[in-house]
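final-v8.txt follows; it contains compact mmCIF, C-alpha atoms and all ligand atoms.
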# COMPACT_ATOMS: atom_id res chain seq x y z
CA MET Q 1 106.55 -62.41 -180.19
CA LYS Q 2 109.66 -60.62 -181.31
CA THR Q 3 113.09 -62.06 -181.97
CA PRO Q 4 115.74 -59.37 -182.38
CA THR Q 5 116.94 -59.72 -185.94
CA LYS Q 6 119.22 -57.60 -188.06
CA PHE Q 7 120.12 -57.39 -191.72
CA VAL Q 8 123.69 -58.58 -192.31
CA THR Q 9 124.44 -58.31 -196.01
CA SER Q 10 123.29 -58.93 -199.59
CA ALA Q 11 125.17 -60.95 -202.15
CA ALA Q 12 124.93 -61.31 -205.91
CA LYS Q 13 127.83 -63.74 -206.16
CA PRO Q 14 129.59 -66.33 -203.94
CA SER Q 15 132.56 -64.07 -203.22
CA ASP Q 16 130.12 -61.66 -201.53
CA PHE Q 17 128.69 -64.31 -199.18
CA PRO Q 18 129.39 -63.52 -195.52
CA PRO Q 19 131.73 -65.83 -193.58
CA PRO Q 20 129.90 -69.06 -192.65
CA SER Q 21 129.98 -68.23 -188.95
CA LEU Q 22 126.51 -69.41 -187.91
CA PRO Q 23 124.09 -72.18 -188.89
CA GLU Q 24 121.72 -70.90 -191.55
CA ILE Q 25 118.29 -71.62 -192.94
CA ALA Q 26 117.43 -70.59 -196.49
CA VAL Q 27 113.97 -69.35 -197.43
CA VAL Q 28 113.09 -70.48 -200.95
CA GLY Q 29 110.09 -70.02 -203.21
CA ARG Q 30 108.72 -68.35 -206.28
CA SER Q 31 108.83 -64.63 -206.54
CA ASN Q 32 105.89 -63.04 -204.73
CA VAL Q 33 105.04 -66.17 -202.70
CA GLY Q 34 105.53 -64.17 -199.50
CA LYS Q 35 109.12 -64.92 -198.45
CA SER Q 36 110.03 -61.46 -197.19
CA THR Q 37 106.67 -60.85 -195.52
CA LEU Q 38 106.92 -64.18 -193.70
CA ILE Q 39 110.44 -63.47 -192.47
CA ASN Q 40 109.22 -60.15 -191.09
CA SER Q 41 106.22 -61.82 -189.47
CA MET Q 42 108.16 -64.70 -187.89
CA VAL Q 43 110.71 -62.43 -186.22
CA GLY Q 44 108.06 -59.81 -185.43
CA GLN Q 45 109.76 -56.94 -187.25
CA ASP Q 46 107.81 -55.28 -190.03
CA GLY Q 47 109.99 -53.77 -192.70
CA LEU Q 48 113.06 -55.90 -191.97
CA ALA Q 49 113.12 -57.91 -195.20
CA ARG Q 50 111.92 -55.76 -198.04
CA THR Q 51 108.58 -56.77 -199.46
CA SER Q 52 107.39 -55.87 -202.88
CA ARG Q 53 104.43 -56.27 -205.13
CA THR Q 54 106.72 -56.28 -208.13
CA PRO Q 55 107.73 -59.83 -209.02
CA GLY Q 56 111.43 -60.33 -209.59
CA ARG Q 57 112.64 -57.29 -207.71
CA THR Q 58 114.78 -59.09 -205.22
CA ARG Q 59 117.64 -60.61 -207.13
CA LEU Q 60 120.07 -60.93 -204.29
CA LEU Q 61 120.62 -63.32 -201.42
CA ASN Q 62 119.93 -61.47 -198.18
CA TRP Q 63 121.33 -62.57 -194.83
CA PHE Q 64 119.59 -61.81 -191.53
CA GLU Q 65 121.04 -62.61 -188.15
CA VAL Q 66 118.39 -63.91 -185.80
CA GLY Q 67 119.18 -63.21 -182.16
CA ALA Q 68 117.68 -66.46 -180.91
CA HIS Q 69 119.43 -68.69 -178.36
CA PRO Q 70 121.59 -69.85 -180.05
CA PRO Q 71 121.69 -67.33 -182.94
CA PHE Q 72 121.48 -68.31 -186.60
CA PHE Q 73 121.15 -66.76 -190.07
CA LEU Q 74 118.00 -66.67 -192.17
CA VAL Q 75 118.77 -66.25 -195.86
CA ASP Q 76 116.14 -64.75 -198.15
CA LEU Q 77 116.93 -66.24 -201.57
CA PRO Q 78 115.95 -64.66 -204.88
CA GLY Q 79 112.66 -66.13 -206.08
CA TYR Q 80 112.69 -68.54 -208.94
CA GLY Q 81 110.11 -68.55 -211.71
CA TYR Q 82 110.30 -64.98 -212.81
CA ALA Q 83 107.89 -64.51 -215.67
CA GLN Q 84 109.07 -61.04 -216.50
CA VAL Q 85 112.79 -61.53 -217.01
CA ASP Q 86 114.42 -62.92 -220.09
CA GLN Q 87 115.73 -66.46 -220.26
CA SER Q 88 119.42 -65.53 -220.02
CA THR Q 89 118.91 -63.50 -216.84
CA ARG Q 90 116.93 -66.36 -215.35
CA GLU Q 91 119.61 -68.87 -216.28
CA SER Q 92 122.28 -66.75 -214.63
CA TRP Q 93 120.48 -66.88 -211.27
CA ARG Q 94 119.97 -70.59 -211.20
CA PRO Q 95 123.66 -71.53 -210.77
CA LEU Q 96 124.02 -68.97 -207.99
CA ILE Q 97 121.16 -70.42 -205.98
CA GLU Q 98 122.18 -73.99 -206.73
CA THR Q 99 125.78 -73.31 -205.82
CA TYR Q 100 124.68 -71.71 -202.60
CA LEU Q 101 122.36 -74.58 -201.64
CA ALA Q 102 124.78 -77.30 -202.66
CA GLU Q 103 127.97 -75.86 -201.22
CA ARG Q 104 127.15 -73.69 -198.26
CA LYS Q 105 128.63 -75.72 -195.40
CA THR Q 106 126.65 -74.03 -192.65
CA LEU Q 107 123.25 -74.53 -194.33
CA VAL Q 108 121.24 -76.66 -191.88
CA GLY Q 109 117.90 -76.62 -193.62
CA VAL Q 110 115.53 -75.00 -196.07
CA LEU Q 111 112.12 -73.42 -195.70
CA LEU Q 112 110.25 -73.91 -198.98
CA LEU Q 113 107.22 -71.71 -199.54
CA VAL Q 114 104.37 -72.50 -201.91
CA ASP Q 115 101.26 -70.36 -202.44
CA ILE Q 116 98.35 -72.31 -200.95
CA ARG Q 117 96.22 -71.53 -204.01
CA ARG Q 118 98.72 -73.02 -206.40
CA GLU Q 119 99.47 -76.70 -206.75
CA PRO Q 120 103.22 -77.35 -206.41
CA GLY Q 121 104.78 -77.16 -209.88
CA ASP Q 122 107.90 -78.61 -211.51
CA GLU Q 123 110.26 -76.33 -209.59
CA GLU Q 124 109.02 -77.61 -206.24
CA LEU Q 125 108.72 -81.21 -207.44
CA ASP Q 126 112.36 -81.20 -208.56
CA PHE Q 127 113.56 -79.28 -205.57
CA VAL Q 128 112.37 -81.57 -202.78
CA PRO Q 129 114.29 -84.71 -203.94
CA TRP Q 130 117.27 -82.52 -204.94
CA LEU Q 131 117.55 -81.34 -201.34
CA ALA Q 132 116.94 -84.82 -199.93
CA GLU Q 133 119.84 -86.18 -202.00
CA ARG Q 134 122.05 -83.57 -200.38
CA GLY Q 135 120.82 -84.48 -196.92
CA LYS Q 136 119.28 -81.07 -196.27
CA PRO Q 137 116.14 -81.08 -194.09
CA ILE Q 138 113.20 -79.21 -195.55
CA ILE Q 139 110.20 -77.52 -193.99
CA VAL Q 140 107.35 -76.67 -196.36
CA ALA Q 141 104.85 -73.90 -195.67
CA LEU Q 142 101.82 -72.99 -197.74
CA THR Q 143 101.51 -69.22 -197.77
CA LYS Q 144 98.56 -66.80 -197.93
CA ALA Q 145 96.27 -69.28 -196.13
CA ASP Q 146 93.83 -66.41 -195.49
CA LYS Q 147 92.87 -66.66 -199.16
CA LEU Q 148 91.12 -69.97 -198.51
CA ALA Q 149 88.41 -71.15 -196.12
CA LYS Q 150 89.61 -73.46 -193.34
CA ASN Q 151 88.21 -76.67 -194.87
CA LYS Q 152 89.82 -75.86 -198.20
CA ARG Q 153 93.15 -75.26 -196.44
CA THR Q 154 93.12 -78.76 -194.94
CA LEU Q 155 92.51 -80.16 -198.40
CA GLU Q 156 95.47 -78.26 -199.87
CA ILE Q 157 97.74 -79.34 -196.99
CA THR Q 158 96.94 -83.00 -197.66
CA LYS Q 159 97.36 -82.52 -201.40
CA ALA Q 160 100.72 -80.76 -201.12
CA LYS Q 161 102.05 -83.41 -198.72
CA LYS Q 162 101.15 -86.12 -201.22
CA ILE Q 163 102.36 -84.33 -204.36
CA LEU Q 164 105.69 -83.36 -202.81
CA GLY Q 165 106.12 -86.73 -201.07
CA LEU Q 166 106.71 -85.11 -197.68
CA LYS Q 167 107.05 -86.99 -194.41
CA ARG Q 168 105.36 -84.23 -192.45
CA GLU Q 169 102.33 -82.15 -193.27
CA PRO Q 170 103.25 -78.72 -194.58
CA PHE Q 171 102.40 -75.72 -192.43
CA ALA Q 172 99.64 -73.40 -193.64
CA VAL Q 173 100.49 -69.81 -192.77
CA SER Q 174 99.02 -66.35 -193.13
CA THR Q 175 100.93 -63.21 -192.27
CA LEU Q 176 97.61 -61.35 -192.43
CA SER Q 177 95.74 -63.37 -189.80
CA LYS Q 178 98.98 -64.74 -188.23
CA ASP Q 179 97.56 -68.26 -188.54
CA GLY Q 180 100.30 -70.86 -188.37
CA VAL Q 181 103.18 -68.37 -188.08
CA GLU Q 182 104.07 -69.22 -184.47
CA PRO Q 183 104.14 -73.04 -184.96
CA LEU Q 184 106.24 -72.57 -188.10
CA TRP Q 185 108.67 -70.28 -186.26
CA ARG Q 186 109.05 -72.89 -183.48
CA ALA Q 187 109.90 -75.51 -186.13
CA ILE Q 188 112.46 -73.16 -187.70
CA LEU Q 189 114.08 -72.43 -184.32
CA LYS Q 190 114.33 -76.16 -183.69
CA LEU Q 191 115.78 -76.80 -187.15
CA SER Q 192 118.36 -74.05 -186.61
CA THR Q 193 119.79 -76.01 -183.69
CA GLY Q 194 120.06 -79.12 -185.85
CA LYS Q 195 117.38 -81.04 -183.93
N1 LIG Q 201 96.74 -62.17 -198.43
C1 LIG Q 201 98.02 -62.33 -198.11
N2 LIG Q 201 98.98 -61.67 -198.80
C2 LIG Q 201 100.28 -61.88 -198.47
C3 LIG Q 201 100.65 -62.77 -197.43
N3 LIG Q 201 101.99 -62.78 -197.34
C4 LIG Q 201 102.44 -61.94 -198.30
N4 LIG Q 201 101.42 -61.38 -198.99
C5 LIG Q 201 101.52 -60.41 -200.08
O1 LIG Q 201 102.17 -61.02 -201.19
C6 LIG Q 201 102.98 -60.07 -201.88
C7 LIG Q 201 104.40 -60.61 -202.02
O2 LIG Q 201 105.01 -60.72 -200.76
P1 LIG Q 201 106.58 -60.72 -200.59
O3 LIG Q 201 106.85 -61.02 -199.15
O4 LIG Q 201 107.20 -59.50 -201.15
O5 LIG Q 201 106.98 -61.97 -201.50
P2 LIG Q 201 108.45 -62.48 -201.95
O6 LIG Q 201 108.66 -61.99 -203.33
O7 LIG Q 201 108.34 -63.97 -201.93
O8 LIG Q 201 109.43 -61.96 -200.95
C8 LIG Q 201 102.91 -58.78 -201.07
O9 LIG Q 201 101.97 -57.93 -201.69
C9 LIG Q 201 102.41 -59.24 -199.71
O10 LIG Q 201 101.68 -58.26 -199.04
C10 LIG Q 201 99.59 -63.44 -196.69
O11 LIG Q 201 99.80 -64.23 -195.76
N5 LIG Q 201 98.31 -63.17 -197.09
MG MG Q 202 111.12 -60.85 -201.19
I need this file expressed as structure tokens, please.
Amino acid sequence: MKTPTKFVTSAAKPSDFPPPSLPEIAVVGRSNVGKSTLINSMVGQDGLARTSRTPGRTRLLNWFEVGAHPPFFLVDLPGYGYAQVDQSTRESWRPLIETYLAERKTLVGVLLLVDIRREPGDEELDFVPWLAERGKPIIVALTKADKLAKNKRTLEITKAKKILGLKREPFAVSTLSKDGVEPLWRAILKLSTGK
């Protein structure tokens, strides 16, 4: 399935954010968790969001306009948890992302990605209640599900739900096998309409 989607703009600071003209969903997660690859896979357009093997490359917020009915923006956020950048650079990104998430009026929800092989860490544990306090719905997806056997996946889904205190089970997705991508995309489309 393909949803016509186009790159809108990148921003390194709030004054570069595009006008809040459409509802938007932010994609959040550690660097290299598979944010860009998943965006490409969900909309069915390889090469739309840039993917990279180099952690920490994408330091900008990237807006994509999804031509669904009705349309909305997907925002690829810079990954947190960069091991290879110095503390001061890391600290300068945090306010940008936090400001965006806290103040963007048109933000209707967040897609949080966690590598299925990694137990959610402090960043995710802090992030879930932080969003809940701000009344922002969250969808969690465990990425790179192809790295685990099916029975092990189920175990990790249950574990992540419990650790993160989620109401719903997280999705397990693989952009390689396409497992779980379609159900996740349906949930995102629904969230984009505020339902
Ligand atoms: N095995 C596997 N690798 C994946 C999957 N999704 C992404 N990757 C790989 O993970 C790396 C990081 O992906 P990327 O989308 O750039 O992550 P981002 O930094 O979060 O945007 C790339 O080498 C991808 O090919 C997946 O579902 N399965
Ligand atoms: Mg990326």
Distance limit 8 Å, reference ligand LIG 201 (chain Q), atoms considered: all atoms listed in the file. Which residues make the cut? Give them as number ranges by chain.
Q: 29-39, 49-58, 76, 78-79, 143-147, 173-178
Would you mind exporting C-alpha atoms of the selected residues as a PDB file, in the frame of the given file?
ATOM      1  CA  GLY Q  29     110.090 -70.020-203.210  1.00  0.00           C
ATOM      2  CA  ARG Q  30     108.720 -68.350-206.280  1.00  0.00           C
ATOM      3  CA  SER Q  31     108.830 -64.630-206.540  1.00  0.00           C
ATOM      4  CA  ASN Q  32     105.890 -63.040-204.730  1.00  0.00           C
ATOM      5  CA  VAL Q  33     105.040 -66.170-202.700  1.00  0.00           C
ATOM      6  CA  GLY Q  34     105.530 -64.170-199.500  1.00  0.00           C
ATOM      7  CA  LYS Q  35     109.120 -64.920-198.450  1.00  0.00           C
ATOM      8  CA  SER Q  36     110.030 -61.460-197.190  1.00  0.00           C
ATOM      9  CA  THR Q  37     106.670 -60.850-195.520  1.00  0.00           C
ATOM     10  CA  LEU Q  38     106.920 -64.180-193.700  1.00  0.00           C
ATOM     11  CA  ILE Q  39     110.440 -63.470-192.470  1.00  0.00           C
ATOM     12  CA  ALA Q  49     113.120 -57.910-195.200  1.00  0.00           C
ATOM     13  CA  ARG Q  50     111.920 -55.760-198.040  1.00  0.00           C
ATOM     14  CA  THR Q  51     108.580 -56.770-199.460  1.00  0.00           C
ATOM     15  CA  SER Q  52     107.390 -55.870-202.880  1.00  0.00           C
ATOM     16  CA  ARG Q  53     104.430 -56.270-205.130  1.00  0.00           C
ATOM     17  CA  THR Q  54     106.720 -56.280-208.130  1.00  0.00           C
ATOM     18  CA  PRO Q  55     107.730 -59.830-209.020  1.00  0.00           C
ATOM     19  CA  GLY Q  56     111.430 -60.330-209.590  1.00  0.00           C
ATOM     20  CA  ARG Q  57     112.640 -57.290-207.710  1.00  0.00           C
ATOM     21  CA  THR Q  58     114.780 -59.090-205.220  1.00  0.00           C
ATOM     22  CA  ASP Q  76     116.140 -64.750-198.150  1.00  0.00           C
ATOM     23  CA  PRO Q  78     115.950 -64.660-204.880  1.00  0.00           C
ATOM     24  CA  GLY Q  79     112.660 -66.130-206.080  1.00  0.00           C
ATOM     25  CA  THR Q 143     101.510 -69.220-197.770  1.00  0.00           C
ATOM     26  CA  LYS Q 144      98.560 -66.800-197.930  1.00  0.00           C
ATOM     27  CA  ALA Q 145      96.270 -69.280-196.130  1.00  0.00           C
ATOM     28  CA  ASP Q 146      93.830 -66.410-195.490  1.00  0.00           C
ATOM     29  CA  LYS Q 147      92.870 -66.660-199.160  1.00  0.00           C
ATOM     30  CA  VAL Q 173     100.490 -69.810-192.770  1.00  0.00           C
ATOM     31  CA  SER Q 174      99.020 -66.350-193.130  1.00  0.00           C
ATOM     32  CA  THR Q 175     100.930 -63.210-192.270  1.00  0.00           C
ATOM     33  CA  LEU Q 176      97.610 -61.350-192.430  1.00  0.00           C
ATOM     34  CA  SER Q 177      95.740 -63.370-189.800  1.00  0.00           C
ATOM     35  CA  LYS Q 178      98.980 -64.740-188.230  1.00  0.00           C
TER      36      LYS Q 178
END
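With distances restricted to all atoms listed in the file, Q:Gly47 is the closest residue to ligand MG 202 (chain Q) from Q:Pro4, Q:Gly47, Q:Pro170, Q:Pro137.
Of the residues under consideration (Q:Arg118, Q:Arg59, Q:Arg186, Q:Arg153), Q:Arg59 shows the shortest atom-to-atom contact distance to ligand MG 202 (chain Q) when counting only C-alpha atoms and all ligand atoms.
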Taking (128.2, -63.5, -195.9) as a centre in this file's frame and 12 Å as the limit, can you find every polymer residue with an atom that close, using all atoms listed in the file, and give them as an MDAnalysis selection string?
chainID Q and resid 7:24 60:65 73:75 100 104 106
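Taking CA of Leu166 (chain Q) and CA of Ile139 (chain Q) as endpoints, the distance between them is 9.1 Å.
Between ligand MG 202 (chain Q) and the residues Q:Leu189, Q:Ile157, Q:Leu184, Q:Leu113, the shortest atom-to-atom distance, using all atoms listed in the file, involves Q:Leu113.
The nearest approach to ligand MG 202 (chain Q) among the residues Q:Ala141, Q:Ile163, Q:Val128, Q:Val27, with all atoms listed in the file taken into account, belongs to Q:Val27.
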CA of Gln45 (chain Q) and CA of Phe72 (chain Q) are how many Å apart?
16.3 Å
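One finds CA of Thr5 (chain Q) at 18.4 Å from CA of Val110 (chain Q).
Among the candidate residues Q:Ser192, Q:Leu101, Q:Leu77, Q:Val66, the one lying nearest to ligand MG 202 (chain Q) is Q:Leu77, with distances computed using all atoms listed in the file.
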Min atom-atom distance to Thr158 (chain Q) from the set Q:Leu191, Q:Gly180, Q:Met42, Q:Phe171, counting all atoms listed in the file, belongs to Q:Phe171
Could you write out as AutoDock Vina command-line options the box around region 98-104 of chain Q (axis-aligned, all atoms listed in the file, 6 Å on each side), with centre and edge lengths in Å to one decimal?
--center_x 125.1 --center_y -74.5 --center_z -202.5 --size_x 17.8 --size_y 17.6 --size_z 20.5
Polymer residues at most 12 Å from Leu155 (chain Q), all atoms listed in the file, same-chain spacing of 6 or more positions, as a PyMOL selection string
chain Q and resi 116-117+119+142+145+148-149+161-162+169-170+172
Go ahead and write the residues just picked, C-alpha atoms, as an mmCIF file, in the frame of the given file.
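Result file follows (selection_10.cif):
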data_model
loop_
_atom_site.group_PDB
_atom_site.id
_atom_site.type_symbol
_atom_site.label_atom_id
_atom_site.label_comp_id
_atom_site.auth_asym_id
_atom_site.auth_seq_id
_atom_site.Cartn_x
_atom_site.Cartn_y
_atom_site.Cartn_z
ATOM 1 C CA ILE Q 116 98.350 -72.310 -200.950
ATOM 2 C CA ARG Q 117 96.220 -71.530 -204.010
ATOM 3 C CA GLU Q 119 99.470 -76.700 -206.750
ATOM 4 C CA LEU Q 142 101.820 -72.990 -197.740
ATOM 5 C CA ALA Q 145 96.270 -69.280 -196.130
ATOM 6 C CA LEU Q 148 91.120 -69.970 -198.510
ATOM 7 C CA ALA Q 149 88.410 -71.150 -196.120
ATOM 8 C CA LYS Q 161 102.050 -83.410 -198.720
ATOM 9 C CA LYS Q 162 101.150 -86.120 -201.220
ATOM 10 C CA GLU Q 169 102.330 -82.150 -193.270
ATOM 11 C CA PRO Q 170 103.250 -78.720 -194.580
ATOM 12 C CA ALA Q 172 99.640 -73.400 -193.640
#
